[in-house]
Structure formats: C-alpha cells, structure tokens
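Read the structure below first, then the notes.
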Amino acid sequence: MLTTSKELLLKARAGRYAIGAFNANNMEIVQAIVETAEEEKSPVIIQASQGAIKYAGLDAITAIVKNEAAKVSIPVVLHLDHGHDFEQNVKCLRSGFTSLMFDGSTFPLDENIRQTKRVVDMAHACGIPVEAELGQIGTLGTTDEPGVAIEKMKELMTKPEEAKEFTQKSGIDSLAIAVGTIHGCQEEIAKLDIPRIEKLRDITGLPLVLHGASGASDIEVKKAIGAGVCKINIDTRIRQAFTHAMRETLAKNPEEIDPRKVLGPAKLAVKEVVRGRMRAFGSSGKA
Ligand code: G3H
Ligand code: ZN
C-alpha cells in the first residue's frame, strides 16, 4: 500500500525505531525491498535518487514501485532522494512520489532556506511531505581513505545554531543531518556525534534522517535512534550485495547467458541486507 512518509516517521519516533529508506534503481531491487518488508511486517521507504531516475526513467521507476506496493498490505513510501532542483521535485510529485527531498546543502544558509521553502510550499499544497539537508554529508571519492574523508567532513556537520532558523523558515517535515557519516562507505567505521543529534532533536522537534548509514555499525545505529533518528538511508550495502552476488554467480558459471540466473541470486542477496537493516532499525513487526 503506497502512503506518505509523514505519519510513518512520527510513529517511528514515538516508538523509538527507525524506518529504513532503501535506494533502488531496477525491478529486482524494488521487489527485494518490498517482499522483505512484507515478510518482516515492516513499514518501508523506497527511494530513487536523480541518478537512479536518469538510469531507469521516472515513469518506469514509479510504475515498478506502485505495482509492487499494490500487492502488499504494509505501508510503502516512494521518496525522492537528494533532489537537487525544484523541477525534479515537481516531476516526481506529478509522477506519484509520496515523499520528496530537496538537497540544497551546498548553498549558503539563506539560499538553502529560500530554495527549500519553494519546494515545501509546492509539495504541501498537494499534501506531500519534504525532507531537506543542513550541513553536508558528503560522498566518498574512489581514491579517498574512508577514515580520513570522514574526519574532513567533521567541519561540515549540521550546526545546531542554524537548525532552528532553517527548519522554521523552510517549513520542512524531516531533517537530514550530517553527524559523522559519509555516503559510499563500505566499512562500518562511522562514529556518530550523538550529543549533536540530541541537540538537533531538541531544537527542531522534527524527525531526523541519517544518510550514509551503510558505514554505521548496529551499535552506532541504535545510539542514533535513541537520540532521535527515525529514517535511515541505505544504498551502498545494497549495491555491494547485488553486485557481489552477480560476480559470484558468473565466477561459478562463466558460460551462463540467462540474466534471470544472474539477477535472481542478486535479488536474494539484497533481501538479506534489507532484512538485517530492518531488524537492526527495530522496524520489523511495526507495520
Ligand atoms: O541517500 C542515500 C543514503 O544516504 C546512502 O548512504 O551510501 O551509506 O548507503 P550509503
Ligand atoms: Zn544520502
């Protein structure tokens, strides 16, 4: 059942668990996420980035998610991840997305507020909630040493002193925070700034979103949920699992030419990642 994210996140915060927001860019990954959510009786957010939309096509990604969501009884949200412009947000809303994100984190505060508010006003007129980013989470480059890159990102963490103005003036529904994670990290090395998360929770009163969470261990994740995080984004772990499984199948059967025999095990590998995250986030059984 397709639904919006607003009530789900508020319920998660009250129940002290987090909803996994899993990135998808093809049919197998969407099916893996929705099937696992149904098996785990967990609410779930499927998110498509602008890159995923460029790859799969907006109509295709929307149709696949709507089709899978209609088969299950658990709540499924279709969310735009890191929408970098107003137009992309409008296109996703018109296409049927039930949750949006405007990421103006690289702009100065005033400009981030101005552009975010424009998206919020448009989305709220249609009853769709908006997430936005303050501070910068950053992305690991191919040559970066993960520990060093995370250390460098510390100066770009979300500043509590800017959070009140940003959230009040923009009118957003949830806040993506930079608190010690980085996108694209394949090792569990993130050390989260828990007091900063608590401050952001108290100052904003909003559901907080942890991006770059593939690099966070279960222990860090639990501490973050305890401090107010109720949406947790996972992309890299899914990519890793999907691609490793394909590589493994092809290494065992180099002559295989049937895509279903290669993609099938990859889908199963994604299901196990999603199941593990739902259990770590405490959302299993919460649908
Ligand atoms: O927006 C997407 C997530 O923040 C992805 O984070 O690269 O750690 O999986 P990840
Ligand atoms: Zn992210």
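By convention here, the chains of the structure tokens are called A, B, ... in the order presented, each chain's residues are numbered starting at 1, and ligands are numbered starting at 1 in the order presented.
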Leaving out A:Arg13 and any residue of its chain fewer than 6 positions from it, which residues lie within 10 Å of it when counting only C-alpha atoms, given as a CSV table (one decimal) with N, CA, C and O atoms, in the first residue's frame?
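Generated file (around22.csv):
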chain,number,residue,atom,x,y,z
A,7,GLU,N,3.3,10.6,8.7
A,7,GLU,CA,2.8,9.9,9.8
A,7,GLU,C,3.7,8.7,10.2
A,7,GLU,O,3.9,8.4,11.4
A,19,ILE,N,12.7,3.8,10.3
A,19,ILE,CA,12.3,3.2,9.1
A,19,ILE,C,13.5,3.2,8.1
A,19,ILE,O,14.1,4.3,7.9
A,206,LEU,N,11.8,17.9,15.0
A,206,LEU,CA,11.4,17.2,13.8
A,206,LEU,C,12.0,15.8,13.7
A,206,LEU,O,13.1,15.5,14.4
A,207,PRO,N,11.4,14.8,13.0
A,207,PRO,CA,12.1,13.5,12.7
A,207,PRO,C,13.4,13.8,12.0
A,207,PRO,O,13.5,14.6,11.1
A,208,LEU,N,14.5,13.1,12.5
A,208,LEU,CA,15.8,13.3,11.9
A,208,LEU,C,16.2,12.1,11.0
A,208,LEU,O,15.8,11.0,11.3
A,225,ILE,N,19.2,6.1,16.9
A,225,ILE,CA,17.8,6.0,17.0
A,225,ILE,C,17.3,6.5,18.4
A,225,ILE,O,16.4,7.3,18.6
A,226,GLY,N,18.1,6.1,19.4
A,226,GLY,CA,17.8,6.6,20.8
A,226,GLY,C,17.9,8.1,20.9
A,226,GLY,O,17.2,8.7,21.7
A,227,ALA,N,18.7,8.7,20.0
A,227,ALA,CA,18.9,10.2,20.1
A,227,ALA,C,17.9,11.0,19.2
A,227,ALA,O,17.9,12.2,19.2
A,228,GLY,N,17.1,10.2,18.4
A,228,GLY,CA,16.0,10.9,17.7
A,228,GLY,C,16.0,10.7,16.2
A,228,GLY,O,15.2,11.3,15.4
A,229,VAL,N,16.9,9.8,15.7
A,229,VAL,CA,16.8,9.5,14.2
A,229,VAL,C,15.7,8.5,14.0
A,229,VAL,O,15.6,7.5,14.7
A,230,CYS,N,14.9,8.8,13.0
A,230,CYS,CA,13.8,7.8,12.7
A,230,CYS,C,13.6,7.4,11.2
A,230,CYS,O,12.7,6.7,10.8
A,231,LYS,N,14.6,7.9,10.4
A,231,LYS,CA,14.7,7.4,9.0
A,231,LYS,C,16.2,7.2,8.7
A,231,LYS,O,17.0,8.0,9.0
Report as JSON lines the residues of chain A within 9 Å of ligand 1, each with its shortest atom pair and distance in Å (one decimal), using only C-alpha atoms and all ligand atoms, ordered by chain and increasing residue number.
{"residue": "A:Ala21", "atom": "CA", "partner": "ligand 1", "partner_atom_place_in_ligand_line": "2 (C)", "distance": 7.9}
{"residue": "A:Phe22", "atom": "CA", "partner": "ligand 1", "partner_atom_place_in_ligand_line": "2 (C)", "distance": 7.7}
{"residue": "A:Asn23", "atom": "CA", "partner": "ligand 1", "partner_atom_place_in_ligand_line": "2 (C)", "distance": 6.6}
{"residue": "A:Gln47", "atom": "CA", "partner": "ligand 1", "partner_atom_place_in_ligand_line": "1 (O)", "distance": 8.1}
{"residue": "A:Ala48", "atom": "CA", "partner": "ligand 1", "partner_atom_place_in_ligand_line": "1 (O)", "distance": 8.7}
{"residue": "A:Ser49", "atom": "CA", "partner": "ligand 1", "partner_atom_place_in_ligand_line": "1 (O)", "distance": 7.4}
{"residue": "A:Asp81", "atom": "CA", "partner": "ligand 1", "partner_atom_place_in_ligand_line": "1 (O)", "distance": 5.7}
{"residue": "A:His82", "atom": "CA", "partner": "ligand 1", "partner_atom_place_in_ligand_line": "1 (O)", "distance": 6.4}
{"residue": "A:Ile137", "atom": "CA", "partner": "ligand 1", "partner_atom_place_in_ligand_line": "4 (O)", "distance": 8.1}
{"residue": "A:Thr139", "atom": "CA", "partner": "ligand 1", "partner_atom_place_in_ligand_line": "7 (O)", "distance": 7.6}
{"residue": "A:Leu140", "atom": "CA", "partner": "ligand 1", "partner_atom_place_in_ligand_line": "7 (O)", "distance": 8.5}
{"residue": "A:Thr181", "atom": "CA", "partner": "ligand 1", "partner_atom_place_in_ligand_line": "8 (O)", "distance": 7.4}
{"residue": "A:Ile182", "atom": "CA", "partner": "ligand 1", "partner_atom_place_in_ligand_line": "8 (O)", "distance": 6.3}
{"residue": "A:His183", "atom": "CA", "partner": "ligand 1", "partner_atom_place_in_ligand_line": "7 (O)", "distance": 3.8}
{"residue": "A:Gly184", "atom": "CA", "partner": "ligand 1", "partner_atom_place_in_ligand_line": "7 (O)", "distance": 3.7}
{"residue": "A:Cys185", "atom": "CA", "partner": "ligand 1", "partner_atom_place_in_ligand_line": "8 (O)", "distance": 5.6}
{"residue": "A:Gln186", "atom": "CA", "partner": "ligand 1", "partner_atom_place_in_ligand_line": "8 (O)", "distance": 7.7}
{"residue": "A:Val209", "atom": "CA", "partner": "ligand 1", "partner_atom_place_in_ligand_line": "4 (O)", "distance": 8.9}
{"residue": "A:Leu210", "atom": "CA", "partner": "ligand 1", "partner_atom_place_in_ligand_line": "4 (O)", "distance": 7.0}
{"residue": "A:His211", "atom": "CA", "partner": "ligand 1", "partner_atom_place_in_ligand_line": "4 (O)", "distance": 3.4}
{"residue": "A:Gly212", "atom": "CA", "partner": "ligand 1", "partner_atom_place_in_ligand_line": "8 (O)", "distance": 3.0}
{"residue": "A:Ala213", "atom": "CA", "partner": "ligand 1", "partner_atom_place_in_ligand_line": "8 (O)", "distance": 4.2}
{"residue": "A:Ser214", "atom": "CA", "partner": "ligand 1", "partner_atom_place_in_ligand_line": "8 (O)", "distance": 3.7}
{"residue": "A:Gly215", "atom": "CA", "partner": "ligand 1", "partner_atom_place_in_ligand_line": "8 (O)", "distance": 5.5}
{"residue": "A:Ala216", "atom": "CA", "partner": "ligand 1", "partner_atom_place_in_ligand_line": "8 (O)", "distance": 7.8}
{"residue": "A:Ile232", "atom": "CA", "partner": "ligand 1", "partner_atom_place_in_ligand_line": "4 (O)", "distance": 7.7}
{"residue": "A:Asn233", "atom": "CA", "partner": "ligand 1", "partner_atom_place_in_ligand_line": "3 (C)", "distance": 4.3}
{"residue": "A:Ile234", "atom": "CA", "partner": "ligand 1", "partner_atom_place_in_ligand_line": "9 (O)", "distance": 3.8}
{"residue": "A:Asp235", "atom": "CA", "partner": "ligand 1", "partner_atom_place_in_ligand_line": "9 (O)", "distance": 3.3}
{"residue": "A:Thr236", "atom": "CA", "partner": "ligand 1", "partner_atom_place_in_ligand_line": "9 (O)", "distance": 3.7}
{"residue": "A:Arg237", "atom": "CA", "partner": "ligand 1", "partner_atom_place_in_ligand_line": "9 (O)", "distance": 5.8}
{"residue": "A:Ile238", "atom": "CA", "partner": "ligand 1", "partner_atom_place_in_ligand_line": "9 (O)", "distance": 7.5}
{"residue": "A:Arg239", "atom": "CA", "partner": "ligand 1", "partner_atom_place_in_ligand_line": "9 (O)", "distance": 8.4}
- [ ] Give the helix (DSSP H, G or I) residues of stretch 4-244 of chain A, as DSSP finds them on the backbone, and put them as a ChimeraX atom specification.
- [x] /A:6-15,27-40,50-56,58-69,86-95,109-124,146-156,160-170,194-204,213-215,218-227,236-244
* 9 Å contact set for A:Phe102, only C-alpha atoms, chain neighbours under 5 positions out, as a list in words -> Leu80, Asp81, His82, Gly83, His84, Asp85, Phe86, Asn89, Gln115, Thr116, Val119, Val120, Val130, Glu131, Ala132 and Glu133 of chain A
Point to revise | Residues of stretch 89-136 of chain A in strand (DSSP E), written as a PyMOL selection string | key: chain A and resi 100-102+130-134
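Rounded to one decimal, atom CA of A:Lys11 and atom CA of A:Ser284 lie 13.7 Å from each other.
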Report as a list in words all protein, DNA and RNA residues lying within 9 Å of A:Glu39, evaluated on only C-alpha atoms, omitting residues in the same chain fewer than 3 positions from it. Val34, Glu35, Thr36, Ser42, Arg275 and Ser284 of chain A
Generate the output file for the selected residues, C-alpha atoms, as an mmCIF file, in the first residue's frame.
data_model
loop_
_atom_site.group_PDB
_atom_site.id
_atom_site.type_symbol
_atom_site.label_atom_id
_atom_site.label_comp_id
_atom_site.auth_asym_id
_atom_site.auth_seq_id
_atom_site.Cartn_x
_atom_site.Cartn_y
_atom_site.Cartn_z
ATOM 1 C CA VAL A 34 9.030 -4.749 -0.874
ATOM 2 C CA GLU A 35 8.996 -8.550 -0.467
ATOM 3 C CA THR A 36 11.276 -8.341 2.569
ATOM 4 C CA SER A 42 7.832 -3.568 8.434
ATOM 5 C CA ARG A 275 16.129 -7.872 6.445
ATOM 6 C CA SER A 284 10.303 -5.364 11.893
#
Who sits within 10 Å of A:Val270, only C-alpha atoms, same chain under 5 positions skipped, as an NGL selection string:
:A and (28-33 or 36 or 237-243 or 245 or 265 or 275-276)
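Interatomic distance, atom CA of A:Val179 against atom CA of A:Ile113: 19.9 Å.
All residues of protein, DNA or RNA that reach within 10 Å of A:Thr106, judged by only C-alpha atoms and not counting those fewer than 6 positions away in the chain, are His84, Asn112, Glu133, Leu134, Gly135, Gln136, Gly138 and Leu156 of chain A.
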Store the residues of this selection in a file with N, CA and C atoms, as a PDB file, in the first residue's frame.
ATOM      1  N   HIS A  84      17.999  17.681  -6.317  1.00  0.00           N
ATOM      2  CA  HIS A  84      18.817  18.895  -6.279  1.00  0.00           C
ATOM      3  C   HIS A  84      18.164  20.108  -6.932  1.00  0.00           C
ATOM      4  N   ASN A 112      19.728  28.139   0.870  1.00  0.00           N
ATOM      5  CA  ASN A 112      19.179  26.800   1.162  1.00  0.00           C
ATOM      6  C   ASN A 112      17.747  26.950   1.684  1.00  0.00           C
ATOM      7  N   GLU A 133      18.233  18.952   3.686  1.00  0.00           N
ATOM      8  CA  GLU A 133      19.546  18.702   4.311  1.00  0.00           C
ATOM      9  C   GLU A 133      20.202  19.989   4.768  1.00  0.00           C
ATOM     10  N   LEU A 134      20.750  19.940   5.976  1.00  0.00           N
ATOM     11  CA  LEU A 134      21.508  21.069   6.531  1.00  0.00           C
ATOM     12  C   LEU A 134      22.845  20.540   7.020  1.00  0.00           C
ATOM     13  N   GLY A 135      23.959  21.274   6.690  1.00  0.00           N
ATOM     14  CA  GLY A 135      25.282  20.682   6.852  1.00  0.00           C
ATOM     15  C   GLY A 135      25.503  19.827   5.616  1.00  0.00           C
ATOM     16  N   GLN A 136      26.688  19.224   5.499  1.00  0.00           N
ATOM     17  CA  GLN A 136      26.924  18.392   4.304  1.00  0.00           C
ATOM     18  C   GLN A 136      27.399  16.999   4.690  1.00  0.00           C
ATOM     19  N   GLY A 138      28.320  14.599   2.391  1.00  0.00           N
ATOM     20  CA  GLY A 138      29.471  14.304   1.528  1.00  0.00           C
ATOM     21  C   GLY A 138      29.480  12.879   0.996  1.00  0.00           C
ATOM     22  N   LEU A 156      31.881  20.107   8.327  1.00  0.00           N
ATOM     23  CA  LEU A 156      30.634  20.392   7.593  1.00  0.00           C
ATOM     24  C   LEU A 156      29.407  19.778   8.274  1.00  0.00           C
TER      25      LEU A 156
END
Spatial neighbours of A:Thr62, max dist 12 Å, only C-alpha atoms, sep filter under 6 positions, as a count of residues only
26
Between A:Ala63, A:Leu175, A:Val72, A:Ile203, smallest distance to A:Glu38 by only C-alpha atoms belongs to A:Val72
Nearest to ligand 2, restricted to only C-alpha atoms and all ligand atoms and choosing among A:Leu58, A:Ala178, A:Asp173, A:Ala190, comes out as A:Ala178
With distances taken over only C-alpha atoms and all ligand atoms, the candidate from A:Asp193, A:Ser105, A:Phe281, A:Asp121 nearest ligand 2 is A:Ser105
A:Pro75 proximity check over A:Leu109, A:Leu250, A:Met1, A:Ala12, using only C-alpha atoms: winner is A:Met1
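Of the residues under consideration (A:Ala60, A:Ile74, A:Val148, A:Ala176), A:Ile74 shows the shortest atom-to-atom contact distance to A:Lys286 when counting only C-alpha atoms.
Of the listed residues (A:Lys41, A:Lys191, A:Thr143, A:Met101), A:Met101 comes nearest to ligand 2; the distances count only C-alpha atoms and all ligand atoms.
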